[in-house]
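Asker: Contents of input-v3.csv (CSV, C-alpha atoms) are below:
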```csv
chain,number,residue,atom,x,y,z
A,268,MET,CA,123.0,39.4,-50.3
A,269,LYS,CA,120.4,39.9,-53.0
A,270,ASN,CA,117.6,42.4,-52.7
A,271,ILE,CA,114.1,41.3,-53.6
A,272,THR,CA,111.1,43.5,-54.0
A,273,ILE,CA,107.7,42.2,-53.0
A,274,THR,CA,104.3,43.8,-53.1
A,275,LEU,CA,101.9,43.3,-50.2
A,276,PRO,CA,98.4,44.6,-49.4
A,277,GLU,CA,98.6,47.5,-46.9
A,278,ASP,CA,97.0,45.6,-44.0
A,279,LEU,CA,99.5,42.7,-44.4
A,280,ALA,CA,102.5,45.2,-44.7
A,281,ARG,CA,101.2,46.9,-41.5
A,282,TRP,CA,100.9,43.5,-39.7
A,283,LEU,CA,104.4,42.6,-40.8
A,284,ARG,CA,106.0,45.8,-39.6
A,285,VAL,CA,104.3,45.4,-36.2
A,286,ARG,CA,105.4,41.8,-35.9
A,287,ALA,CA,109.0,42.6,-36.9
A,288,ALA,CA,109.1,45.5,-34.4
A,289,GLU,CA,107.7,43.3,-31.6
A,290,ASP,CA,110.6,40.8,-32.3
A,291,ASP,CA,113.0,43.8,-32.3
A,292,ARG,CA,114.0,43.0,-35.9
A,293,SER,CA,113.8,44.8,-39.3
A,294,VAL,CA,111.1,43.6,-41.7
A,295,SER,CA,113.9,42.2,-43.9
A,296,ARG,CA,115.5,40.3,-41.1
A,297,TRP,CA,112.2,39.0,-39.9
A,298,ILE,CA,111.3,37.6,-43.3
A,299,ARG,CA,114.8,36.2,-43.9
A,300,GLU,CA,114.6,34.3,-40.6
A,301,LEU,CA,111.1,33.1,-41.4
A,302,LEU,CA,112.1,31.7,-44.8
A,303,ASP,CA,115.3,30.2,-43.4
A,304,ARG,CA,113.4,28.3,-40.7
A,305,LYS,CA,111.0,27.0,-43.4
A,306,ARG,CA,113.9,26.0,-45.6
A,307,HIS,CA,115.5,24.0,-42.8
A,308,ARG,CA,112.2,22.3,-41.9
A,309,GLU,CA,111.8,21.2,-45.5
A,310,ASP,CA,115.4,20.0,-45.7
A,311,ASP,CA,115.0,18.1,-42.5
A,312,TYR,CA,111.8,16.5,-43.9
A,313,GLU,CA,113.5,15.4,-47.1
A,314,ILE,CA,116.4,13.9,-45.2
A,315,ALA,CA,114.1,12.0,-42.9
A,316,MET,CA,112.0,10.8,-45.9
A,317,LYS,CA,115.1,9.6,-47.8
A,318,ARG,CA,116.4,7.8,-44.7
A,319,TYR,CA,113.0,6.1,-44.1
A,320,LEU,CA,112.6,5.1,-47.8
A,321,ALA,CA,116.2,3.7,-47.7
A,322,ARG,CA,115.3,1.2,-45.0
A,323,LYS,CA,114.8,-2.4,-46.0
A,324,PRO,CA,111.2,-3.6,-45.6
A,325,ARG,CA,110.7,-6.1,-42.8
A,326,GLU,CA,108.3,-8.9,-42.4
A,327,ILE,CA,105.4,-8.6,-40.0
A,328,ASP,CA,105.2,-11.2,-37.2
A,329,TRP,CA,101.5,-12.2,-37.4
A,330,PRO,CA,100.1,-13.6,-34.2
A,331,GLY,CA,99.9,-17.4,-34.6
A,332,GLY,CA,101.9,-17.1,-37.8
A,333,CYS,CA,98.9,-16.5,-40.1
A,334,ARG,CA,97.6,-13.3,-41.6
A,335,PRO,CA,94.0,-12.2,-41.1
A,336,SER,CA,91.7,-12.6,-44.1
A,337,ARG,CA,90.3,-9.5,-45.8
A,338,GLU,CA,86.9,-10.2,-44.2
A,339,GLU,CA,88.5,-10.3,-40.8
A,340,LEU,CA,90.2,-7.0,-41.4
A,341,TYR,CA,87.1,-5.2,-42.6
A,342,ASP,CA,84.6,-6.8,-40.2
A,343,ARG,CA,82.9,-3.6,-38.9
A,344,SER,CA,80.6,-5.4,-36.5
A,345,ARG,CA,83.6,-6.1,-34.2
A,346,LEU,CA,84.3,-2.3,-34.1
A,347,ARG,CA,80.9,-1.4,-32.7
```
With the file now loaded, output its structure as structure tokens.

Answerer:
Amino acid sequence: MKNITITLPEDLARWLRVRAAEDDRSVSRWIRELLDRKRHREDDYEIAMKRYLARKPREIDWPGGCRPSREELYDRSRLR
């Protein structure tokens, strides 16, 4: 493992020590687990995005076979 030194304001360091103690962990372990969860969420997001973007586009089945006009799409009077 690699040691890293960080500088925190006193109030944040106090909060961190309390949170770690509440979870029955060292500050180092608490931060390591926090960062590891964040990394996995980002990895999961990237995998999901790549999977989504790899999908082939599909055509929309418009009711009645014809697309609505721009005016129909932006007709605000129908929304009131």

Asker: Write out as a ChimeraX atom specification each polymer residue whose atoms come within 12 Å of Arg299 (chain A), counting only C-alpha atoms; drop sequence neighbours fewer than 5 positions from it.

Answerer: /A:268-271,287,292-294,304-306

Asker: Can you pull out the residues contacting Arg284 (chain A)? Cut-off 12 Å, using all atoms listed in the file, and skip same-chain residues under 6 positions away; I want them as a list in words.

Answerer: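 Close residues of Arg284 (chain A): Leu275, Glu277, Asp278, Asp290, Asp291, Arg292, Ser293, Val294, Ser295, Arg296, Trp297 and Ile298 of chain A.
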
Asker: Which value, in Å to one decimal, gives the distance between CA of Trp282 (chain A) and CA of Glu300 (chain A)?

Answerer: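 Going from CA of Trp282 (chain A) over to CA of Glu300 (chain A), I get 16.5 Å.
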
Asker: Separation of CA of Leu302 (chain A) and CA of Ala280 (chain A), in Å?

Answerer: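 These atoms are spaced 16.6 Å apart.
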